[in-house]
$ cat my_file.tsv   # TSV, C-alpha atoms
chain	number	residue	atom	x	y	z
A	114	LYS	CA	4.45	17.94	6.53
A	115	ASN	CA	3.03	14.51	5.68
A	116	GLU	CA	-0.55	13.87	6.65
A	117	VAL	CA	0.49	10.50	8.09
A	118	GLU	CA	3.62	10.23	10.21
A	119	GLN	CA	5.08	7.04	11.63
A	120	SER	CA	7.63	6.58	14.36
A	121	PRO	CA	10.18	5.27	14.64
A	122	GLN	CA	11.41	5.06	11.06
A	123	ASN	CA	13.71	2.19	11.98
A	124	LEU	CA	13.55	-0.17	14.94
A	125	THR	CA	15.89	-2.97	15.90
A	126	ALA	CA	15.05	-5.26	18.79
A	127	GLN	CA	15.89	-8.65	20.22
A	128	GLU	CA	13.69	-11.67	19.83
A	129	GLY	CA	10.99	-11.76	22.48
A	130	GLU	CA	10.75	-8.02	23.00
A	131	PHE	CA	7.47	-6.13	22.99
A	132	ILE	CA	7.33	-3.84	19.97
A	133	THR	CA	5.33	-0.64	19.48
A	134	ILE	CA	5.05	1.28	16.22
A	135	ASN	CA	3.21	4.58	16.22
A	136	CYS	CA	1.15	6.38	13.61
A	137	SER	CA	-0.15	9.93	13.86
A	138	TYR	CA	-2.31	11.65	11.29
A	139	SER	CA	-3.48	15.20	10.82
A	140	VAL	CA	-6.73	14.76	8.89
A	141	GLY	CA	-10.15	13.40	9.69
A	142	ILE	CA	-10.33	9.76	8.76
A	143	SER	CA	-12.93	7.10	8.24
A	144	ALA	CA	-10.55	4.18	8.80
A	145	LEU	CA	-6.91	3.27	9.27
A	146	HIS	CA	-4.99	0.38	7.71
A	147	TRP	CA	-1.90	-1.35	9.03
A	148	LEU	CA	0.08	-3.14	6.32
A	149	GLN	CA	3.15	-5.38	6.39
A	150	GLN	CA	5.77	-5.63	3.66
A	151	HIS	CA	8.52	-8.25	3.84
A	152	PRO	CA	11.82	-7.62	2.02
A	153	GLY	CA	11.29	-8.36	-1.64
A	154	GLY	CA	7.76	-9.44	-0.88
A	155	GLY	CA	4.27	-8.24	-1.38
A	156	ILE	CA	2.10	-6.23	0.95
A	157	VAL	CA	-0.22	-7.91	3.40
A	158	SER	CA	-3.08	-6.24	5.19
A	159	LEU	CA	-2.83	-6.74	8.95
A	160	PHE	CA	-5.69	-4.66	10.28
A	161	MET	CA	-8.25	-2.14	9.30
A	162	LEU	CA	-9.87	-0.24	12.14
A	163	SER	CA	-11.91	2.85	12.80
A	164	SER	CA	-12.19	2.67	16.59
A	165	GLY	CA	-10.96	0.78	19.61
A	166	LYS	CA	-8.67	-2.20	19.37
A	167	LYS	CA	-8.16	-5.31	17.26
A	168	LYS	CA	-6.05	-8.38	18.01
A	169	HIS	CA	-4.78	-11.11	15.73
A	170	GLY	CA	-2.36	-13.60	17.21
A	171	ARG	CA	0.62	-11.66	18.57
A	172	LEU	CA	-0.42	-8.45	16.85
A	173	ILE	CA	-2.57	-5.76	18.44
A	174	ALA	CA	-3.70	-2.52	16.84
A	175	THR	CA	-5.30	0.36	18.68
A	176	ILE	CA	-6.67	3.67	17.53
A	177	ASN	CA	-7.63	6.86	19.35
A	178	ILE	CA	-9.73	8.95	16.99
A	179	GLN	CA	-9.76	12.01	19.26
A	180	GLU	CA	-5.97	12.06	19.49
A	181	LYS	CA	-5.52	11.06	15.82
A	182	HIS	CA	-3.15	8.31	16.78
A	183	SER	CA	-2.81	4.58	16.26
A	184	SER	CA	-0.34	2.03	17.55
A	185	LEU	CA	0.67	-1.39	16.32
A	186	HIS	CA	2.03	-3.72	18.99
A	187	ILE	CA	3.83	-7.02	18.54
A	188	THR	CA	4.15	-9.28	21.56
A	189	ALA	CA	6.90	-11.90	21.89
A	190	SER	CA	8.58	-10.63	18.72
A	191	HIS	CA	10.27	-13.12	16.40
A	192	PRO	CA	12.81	-12.69	13.58
A	193	ARG	CA	10.05	-13.52	11.07
A	194	ASP	CA	8.32	-10.29	12.18
A	195	SER	CA	11.15	-8.37	10.49
A	196	ALA	CA	9.47	-6.28	7.81
A	197	VAL	CA	8.34	-2.78	6.95
A	198	TYR	CA	5.10	-1.81	8.67
A	199	ILE	CA	3.00	0.80	6.93
A	200	CYS	CA	0.17	2.89	8.31
A	201	ALA	CA	-2.39	4.25	5.84
A	202	VAL	CA	-5.62	6.19	6.28
A	203	TYR	CA	-8.81	6.83	4.37
A	204	ARG	CA	-9.59	10.54	4.63
A	205	ILE	CA	-13.16	11.56	5.37
A	206	GLN	CA	-12.87	14.50	3.00
A	207	GLY	CA	-11.58	14.17	-0.50
A	208	ALA	CA	-10.86	11.19	-2.65
A	209	GLN	CA	-11.47	7.73	-1.32
A	210	LYS	CA	-7.88	6.58	-1.55
A	211	LEU	CA	-5.33	5.57	1.05
A	212	VAL	CA	-2.79	8.12	2.27
A	213	PHE	CA	0.36	6.30	3.38
A	214	GLY	CA	2.91	6.85	6.09
A	215	GLN	CA	6.55	6.42	5.19
A	216	GLY	CA	6.79	3.04	6.89
A	217	THR	CA	8.72	1.65	9.86
A	218	ARG	CA	11.48	-0.83	9.17
A	219	LEU	CA	11.54	-3.43	11.96
A	220	THR	CA	14.43	-5.83	12.45
A	221	ILE	CA	14.19	-8.54	15.10
A	222	ASN	CA	17.51	-10.19	15.92
A	223	PRO	CA	17.61	-13.75	17.24
B	73	GLY	CA	-9.87	-18.28	-2.83
B	74	ALA	CA	-7.61	-16.62	-5.36
B	75	GLY	CA	-5.99	-13.38	-4.37
B	76	VAL	CA	-5.02	-10.43	-6.53
B	77	SER	CA	-2.71	-11.47	-9.33
B	78	GLN	CA	-0.44	-9.32	-11.47
B	79	SER	CA	1.53	-10.00	-14.61
B	80	PRO	CA	4.27	-9.97	-15.55
B	81	SER	CA	6.11	-10.30	-12.26
B	82	ASN	CA	9.19	-8.69	-13.81
B	83	LYS	CA	9.55	-6.54	-16.89
B	84	VAL	CA	12.73	-5.13	-18.37
B	85	THR	CA	12.25	-2.69	-21.19
B	86	GLU	CA	14.27	-0.18	-23.15
B	87	LYS	CA	13.78	3.51	-22.67
B	88	GLY	CA	11.14	4.81	-25.07
B	89	LYS	CA	9.18	1.56	-25.35
B	90	ASP	CA	5.59	1.16	-24.20
B	91	VAL	CA	4.67	-1.36	-21.50
B	92	GLU	CA	1.42	-2.87	-20.27
B	93	LEU	CA	0.97	-4.18	-16.77
B	94	ARG	CA	-1.99	-6.35	-15.88
B	95	CYS	CA	-3.99	-6.79	-12.69
B	96	ASP	CA	-6.62	-9.42	-11.94
B	97	PRO	CA	-8.53	-8.40	-8.82
B	98	ILE	CA	-10.33	-10.66	-6.40
B	99	SER	CA	-13.62	-11.74	-7.93
B	100	GLY	CA	-16.47	-9.51	-6.83
B	101	HIS	CA	-14.28	-6.66	-5.67
B	102	THR	CA	-15.63	-3.44	-7.11
B	103	ALA	CA	-12.71	-1.16	-6.20
B	104	LEU	CA	-9.29	-1.49	-7.84
B	105	TYR	CA	-6.21	0.61	-7.10
B	106	TRP	CA	-2.80	1.05	-8.72
B	107	TYR	CA	0.23	2.16	-6.70
B	108	ARG	CA	3.90	2.65	-7.41
B	109	GLN	CA	6.83	2.02	-5.09
B	110	SER	CA	10.20	3.31	-6.21
B	111	LEU	CA	13.36	1.84	-4.72
B	112	GLY	CA	13.57	2.72	-1.05
B	113	GLN	CA	10.48	4.92	-1.26
B	114	GLY	CA	6.99	4.71	0.13
B	115	LEU	CA	3.82	3.83	-1.71
B	116	GLU	CA	2.53	6.34	-4.22
B	117	PHE	CA	-1.11	6.31	-5.35
B	118	LEU	CA	-1.64	6.32	-9.11
B	119	ILE	CA	-5.30	5.66	-9.95
B	120	TYR	CA	-8.39	3.91	-8.66
B	121	PHE	CA	-11.56	2.50	-10.18
B	122	GLN	CA	-14.83	2.02	-8.32
B	123	GLY	CA	-17.62	0.20	-10.09
B	124	ASN	CA	-18.89	2.11	-13.10
B	125	SER	CA	-17.82	5.51	-11.78
B	126	ALA	CA	-15.22	7.60	-13.55
B	127	PRO	CA	-11.76	6.62	-12.29
B	128	ASP	CA	-9.76	8.89	-10.01
B	129	LYS	CA	-6.64	9.59	-12.06
B	130	SER	CA	-5.25	12.25	-9.75
B	131	GLY	CA	-2.09	10.30	-8.94
B	132	LEU	CA	-0.90	9.61	-12.48
B	133	PRO	CA	2.49	11.35	-12.79
B	134	SER	CA	2.23	12.28	-16.46
B	135	ASP	CA	0.10	11.80	-19.56
B	136	ARG	CA	2.36	8.89	-20.51
B	137	PHE	CA	0.48	6.87	-17.89
B	138	SER	CA	-3.02	5.54	-18.47
B	139	ALA	CA	-5.15	2.74	-17.12
B	140	GLU	CA	-8.35	1.03	-17.98
B	141	ARG	CA	-10.57	-1.53	-16.38
B	142	THR	CA	-12.61	-3.71	-18.65
B	143	GLY	CA	-15.92	-5.22	-17.57
B	144	GLY	CA	-15.38	-4.12	-14.01
B	145	SER	CA	-12.69	-6.74	-13.53
B	146	VAL	CA	-9.23	-6.90	-15.11
B	147	SER	CA	-7.22	-3.70	-15.27
B	148	THR	CA	-4.28	-2.69	-17.44
B	149	LEU	CA	-1.81	0.07	-16.60
B	150	THR	CA	-0.03	1.37	-19.70
B	151	ILE	CA	3.13	3.43	-19.66
B	152	GLN	CA	4.06	4.97	-22.99
B	153	ARG	CA	7.56	6.04	-24.00
B	154	THR	CA	9.05	4.69	-20.77
B	155	GLN	CA	11.74	6.67	-18.98
B	156	GLN	CA	14.32	5.46	-16.49
B	157	GLU	CA	12.50	7.21	-13.66
B	158	ASP	CA	9.53	4.91	-14.34
B	159	SER	CA	11.55	2.01	-12.89
B	160	ALA	CA	9.65	0.86	-9.81
B	161	VAL	CA	7.41	-1.85	-8.44
B	162	TYR	CA	3.84	-1.34	-9.60
B	163	LEU	CA	1.28	-2.72	-7.16
B	164	CYS	CA	-2.38	-3.38	-7.66
B	165	ALA	CA	-4.93	-3.76	-4.88
B	166	SER	CA	-8.62	-4.51	-4.79
B	167	SER	CA	-11.34	-4.19	-2.18
B	168	PRO	CA	-15.04	-4.99	-1.88
B	169	GLY	CA	-15.79	-1.28	-2.11
B	170	LEU	CA	-14.50	2.08	-1.10
B	171	TYR	CA	-13.23	2.43	2.48
B	172	TYR	CA	-12.81	-1.34	2.78
B	173	GLU	CA	-9.66	-3.30	3.54
B	174	GLN	CA	-7.43	-3.51	0.48
B	175	TYR	CA	-5.82	-6.72	-0.74
B	176	PHE	CA	-2.56	-6.28	-2.60
B	177	GLY	CA	-1.11	-8.21	-5.50
B	178	PRO	CA	2.54	-9.31	-5.62
B	179	GLY	CA	3.52	-6.41	-7.86
B	180	THR	CA	5.30	-6.02	-11.17
B	181	ARG	CA	8.92	-4.94	-11.00
B	182	LEU	CA	9.58	-2.66	-13.98
B	183	THR	CA	13.13	-1.85	-14.99
B	184	VAL	CA	13.73	0.67	-17.75
B	185	THR	CA	17.23	0.47	-19.23

$ encode --input "my_file.tsv" --output "structure tokens"
Amino acid sequence: KNEVEQSPQNLTAQEGEFITINCSYSVGISALHWLQQHPGGGIVSLFMLSSGKKKHGRLIATINIQEKHSSLHITASHPRDSAVYICAVYRIQGAQKLVFGQGTRLTINP
Amino acid sequence: GAGVSQSPSNKVTEKGKDVELRCDPISGHTALYWYRQSLGQGLEFLIYFQGNSAPDKSGLPSDRFSAERTGGSVSTLTIQRTQQEDSAVYLCASSPGLYYEQYFGPGTRLTVT
């Protein structure tokens, strides 16, 4: 079983819909990263958080350390939000490297 | 300011040849990471450097892979005697230190024919 699990693996929605992508992890962490990867493009860091909630534009990320769960929300989704969203964590124990989820492929149709 | 840059952006090589991939991190970033992403797959950690500490090489898939970081800045990932399964996008990232947000380069797409 992967230490970081994302759901859903694929998500298709209509423009304007509210989107939620989930990330669960099974290890103690010091921080969690949400990343975005457009088709054929590079990877962009969206958020890094260790507690509570962060907001940037239409994107909101929350984390519940006790439940070992984080969510990424997109409000008023737009076709340009279509990308793969990746959750990654820094473990407390062990090497200081990111452990990645498998990614969620989001497609927003106009 | 300048982000993380990588070169070349694309590399096609014949099986058995050696290749060198270069990463220029953001100035002042002490941590540098190499990852690999095979077609349709997730990100795979290869190696990271932090300051003057010994690098963590635990993700390197074989002894054909090596990396160095000169002067705490530029890093080179070398793959010797390339195999077809080495075909992937190789990504570099840097951060101000360990446990900080990572900034990714555009990647080098390696194709081994």

$ closest_residue --input "my_file.tsv" --among "A:His146, A:His191, A:Arg171, A:Lys114" --to "Phe213 (chain A)" --atoms "all atoms listed in the file"
A:His146

$ atom_distance --input "my_file.tsv" --atom1 "CA of Arg153 (chain B)" --atom2 "CA of Val91 (chain B)"
8.3 Å

$ closest_residue --input "my_file.tsv" --among "B:Leu149, B:Ala139, B:Ala74, B:Leu163" --to "chain A" --atoms "all atoms listed in the file"
B:Leu163

$ closest_atom_pairs --input "my_file.tsv" --of "chain A" --to "chain B" --cutoff "9 Å" --atoms "all atoms listed in the file" --output "JSON lines"
{"residue": "A:Ser143", "atom": "CA", "partner": "B:Tyr171", "partner_atom": "CA", "distance": 7.4}
{"residue": "A:Ala144", "atom": "CA", "partner": "B:Tyr171", "partner_atom": "CA", "distance": 7.1}
{"residue": "A:His146", "atom": "CA", "partner": "B:Glu173", "partner_atom": "CA", "distance": 7.3}
{"residue": "A:Gly154", "atom": "CA", "partner": "B:Pro178", "partner_atom": "CA", "distance": 7.1}
{"residue": "A:Gly155", "atom": "CA", "partner": "B:Pro178", "partner_atom": "CA", "distance": 4.7}
{"residue": "A:Ile156", "atom": "CA", "partner": "B:Phe176", "partner_atom": "CA", "distance": 5.9}
{"residue": "A:Val157", "atom": "CA", "partner": "B:Phe176", "partner_atom": "CA", "distance": 6.6}
{"residue": "A:Ser158", "atom": "CA", "partner": "B:Tyr175", "partner_atom": "CA", "distance": 6.6}
{"residue": "A:Phe160", "atom": "CA", "partner": "B:Glu173", "partner_atom": "CA", "distance": 7.9}
{"residue": "A:Met161", "atom": "CA", "partner": "B:Glu173", "partner_atom": "CA", "distance": 6.0}
{"residue": "A:Ile199", "atom": "CA", "partner": "B:Gly114", "partner_atom": "CA", "distance": 8.8}
{"residue": "A:Tyr203", "atom": "CA", "partner": "B:Tyr171", "partner_atom": "CA", "distance": 6.5}
{"residue": "A:Ala208", "atom": "CA", "partner": "B:Asp128", "partner_atom": "CA", "distance": 7.8}
{"residue": "A:Gln209", "atom": "CA", "partner": "B:Leu170", "partner_atom": "CA", "distance": 6.4}
{"residue": "A:Lys210", "atom": "CA", "partner": "B:Tyr120", "partner_atom": "CA", "distance": 7.6}
{"residue": "A:Leu211", "atom": "CA", "partner": "B:Phe117", "partner_atom": "CA", "distance": 7.7}
{"residue": "A:Val212", "atom": "CA", "partner": "B:Phe117", "partner_atom": "CA", "distance": 8.0}
{"residue": "A:Phe213", "atom": "CA", "partner": "B:Leu115", "partner_atom": "CA", "distance": 6.6}
{"residue": "A:Gly214", "atom": "CA", "partner": "B:Gly114", "partner_atom": "CA", "distance": 7.5}
{"residue": "A:Gln215", "atom": "CA", "partner": "B:Gly114", "partner_atom": "CA", "distance": 5.4}
{"residue": "A:Gly216", "atom": "CA", "partner": "B:Gly114", "partner_atom": "CA", "distance": 7.0}

$ write_last_selection --input "my_file.tsv" --atoms "C-alpha atoms" --output "mmCIF file, in the frame of the given file"
data_model
loop_
_atom_site.group_PDB
_atom_site.id
_atom_site.type_symbol
_atom_site.label_atom_id
_atom_site.label_comp_id
_atom_site.auth_asym_id
_atom_site.auth_seq_id
_atom_site.Cartn_x
_atom_site.Cartn_y
_atom_site.Cartn_z
ATOM 1 C CA SER A 143 -12.930 7.100 8.240
ATOM 2 C CA ALA A 144 -10.550 4.180 8.800
ATOM 3 C CA HIS A 146 -4.990 0.380 7.710
ATOM 4 C CA GLY A 154 7.760 -9.440 -0.880
ATOM 5 C CA GLY A 155 4.270 -8.240 -1.380
ATOM 6 C CA ILE A 156 2.100 -6.230 0.950
ATOM 7 C CA VAL A 157 -0.220 -7.910 3.400
ATOM 8 C CA SER A 158 -3.080 -6.240 5.190
ATOM 9 C CA PHE A 160 -5.690 -4.660 10.280
ATOM 10 C CA MET A 161 -8.250 -2.140 9.300
ATOM 11 C CA ILE A 199 3.000 0.800 6.930
ATOM 12 C CA TYR A 203 -8.810 6.830 4.370
ATOM 13 C CA ALA A 208 -10.860 11.190 -2.650
ATOM 14 C CA GLN A 209 -11.470 7.730 -1.320
ATOM 15 C CA LYS A 210 -7.880 6.580 -1.550
ATOM 16 C CA LEU A 211 -5.330 5.570 1.050
ATOM 17 C CA VAL A 212 -2.790 8.120 2.270
ATOM 18 C CA PHE A 213 0.360 6.300 3.380
ATOM 19 C CA GLY A 214 2.910 6.850 6.090
ATOM 20 C CA GLN A 215 6.550 6.420 5.190
ATOM 21 C CA GLY A 216 6.790 3.040 6.890
#

$ closest_residue --input "my_file.tsv" --among "B:Ser167, B:Ser125, B:Thr154, B:Thr183" --to "Ala103 (chain B)" --atoms "only C-alpha atoms"
B:Ser167

$ atom_distance --input "my_file.tsv" --atom1 "CA of Ser159 (chain B)" --atom2 "CA of Pro133 (chain B)"
13.0 Å

$ residues_around --input "my_file.tsv" --residues "region 126-139 of chain A" --least-positions-apart "6" --cutoff "7 Å" --atoms "all atoms listed in the file" --output "NGL selection string"
:A and (116-120 or 181-192 or 200 or 220-223)

$ residues_around --input "my_file.tsv" --residues "Ile151 (chain B)" --least-positions-apart "5" --cutoff "9 Å" --atoms "all atoms listed in the file" --output "number ranges by chain"
B: 89-93, 135-139, 158

$ atom_distance --input "my_file.tsv" --atom1 "CA of Leu148 (chain A)" --atom2 "CA of Val184 (chain B)"
27.9 Å

$ axis_aligned_box --input "my_file.tsv" --around "region 144-161 of chain B" --padding-each-side "8 Å" --output "lines of an AutoDock Vina configuration file"
center_x = -0.5
center_y = 0.2
center_z = -16.2
size_x = 45.7
size_y = 30.1
size_z = 31.6

$ closest_residue --input "my_file.tsv" --among "B:Gly75, B:Gly169, B:Pro80, B:Gly88" --to "Asn124 (chain B)" --atoms "only C-alpha atoms"
B:Gly169

$ residues_around --input "my_file.tsv" --residues "Ser145 (chain B)" --least-positions-apart "6" --cutoff "9 Å" --atoms "only C-alpha atoms" --output "list in words"
Cys95, Asp96, Pro97, Ile98, Ser99, Gly100, His101, Thr102 and Leu104 of chain B

$ closest_residue --input "my_file.tsv" --among "B:Lys129, B:Arg181, B:Lys83, B:Arg108" --to "Gly153 (chain A)" --atoms "only C-alpha atoms"
B:Arg181

$ build_atoms --input "my_file.tsv" --residues "region 148-163 of chain A" --atoms "N, CA and C atoms" --output "CSV table (one decimal), keeping the file's coordinate frame"
chain,number,residue,atom,x,y,z
A,148,LEU,N,-0.4,-2.2,7.4
A,148,LEU,CA,0.1,-3.1,6.3
A,148,LEU,C,1.5,-3.6,6.7
A,149,GLN,N,1.8,-4.8,6.2
A,149,GLN,CA,3.2,-5.4,6.4
A,149,GLN,C,3.8,-5.7,5.0
A,150,GLN,N,5.1,-5.3,4.9
A,150,GLN,CA,5.8,-5.6,3.7
A,150,GLN,C,7.1,-6.3,4.0
A,151,HIS,N,7.3,-7.6,3.6
A,151,HIS,CA,8.5,-8.2,3.8
A,151,HIS,C,9.5,-7.9,2.7
A,152,PRO,N,10.8,-8.0,3.0
A,152,PRO,CA,11.8,-7.6,2.0
A,152,PRO,C,11.6,-8.4,0.7
A,153,GLY,N,11.5,-7.7,-0.4
A,153,GLY,CA,11.3,-8.4,-1.6
A,153,GLY,C,9.9,-9.0,-1.8
A,154,GLY,N,9.1,-8.8,-0.8
A,154,GLY,CA,7.8,-9.4,-0.9
A,154,GLY,C,6.6,-8.5,-1.1
A,155,GLY,N,5.5,-9.0,-1.2
A,155,GLY,CA,4.3,-8.2,-1.4
A,155,GLY,C,3.8,-7.6,-0.1
A,156,ILE,N,2.7,-6.9,-0.2
A,156,ILE,CA,2.1,-6.2,1.0
A,156,ILE,C,0.9,-7.0,1.5
A,157,VAL,N,0.9,-7.2,2.8
A,157,VAL,CA,-0.2,-7.9,3.4
A,157,VAL,C,-1.0,-7.0,4.3
A,158,SER,N,-2.3,-7.0,4.3
A,158,SER,CA,-3.1,-6.2,5.2
A,158,SER,C,-3.1,-6.9,6.5
A,159,LEU,N,-2.8,-6.2,7.6
A,159,LEU,CA,-2.8,-6.7,9.0
A,159,LEU,C,-4.2,-6.4,9.6
A,160,PHE,N,-4.5,-5.1,9.6
A,160,PHE,CA,-5.7,-4.7,10.3
A,160,PHE,C,-6.3,-3.5,9.5
A,161,MET,N,-7.6,-3.4,9.7
A,161,MET,CA,-8.2,-2.1,9.3
A,161,MET,C,-9.2,-1.8,10.5
A,162,LEU,N,-9.0,-0.6,11.0
A,162,LEU,CA,-9.9,-0.2,12.1
A,162,LEU,C,-10.3,1.2,12.1
A,163,SER,N,-11.4,1.5,12.7
A,163,SER,CA,-11.9,2.8,12.8
A,163,SER,C,-12.1,3.3,14.2
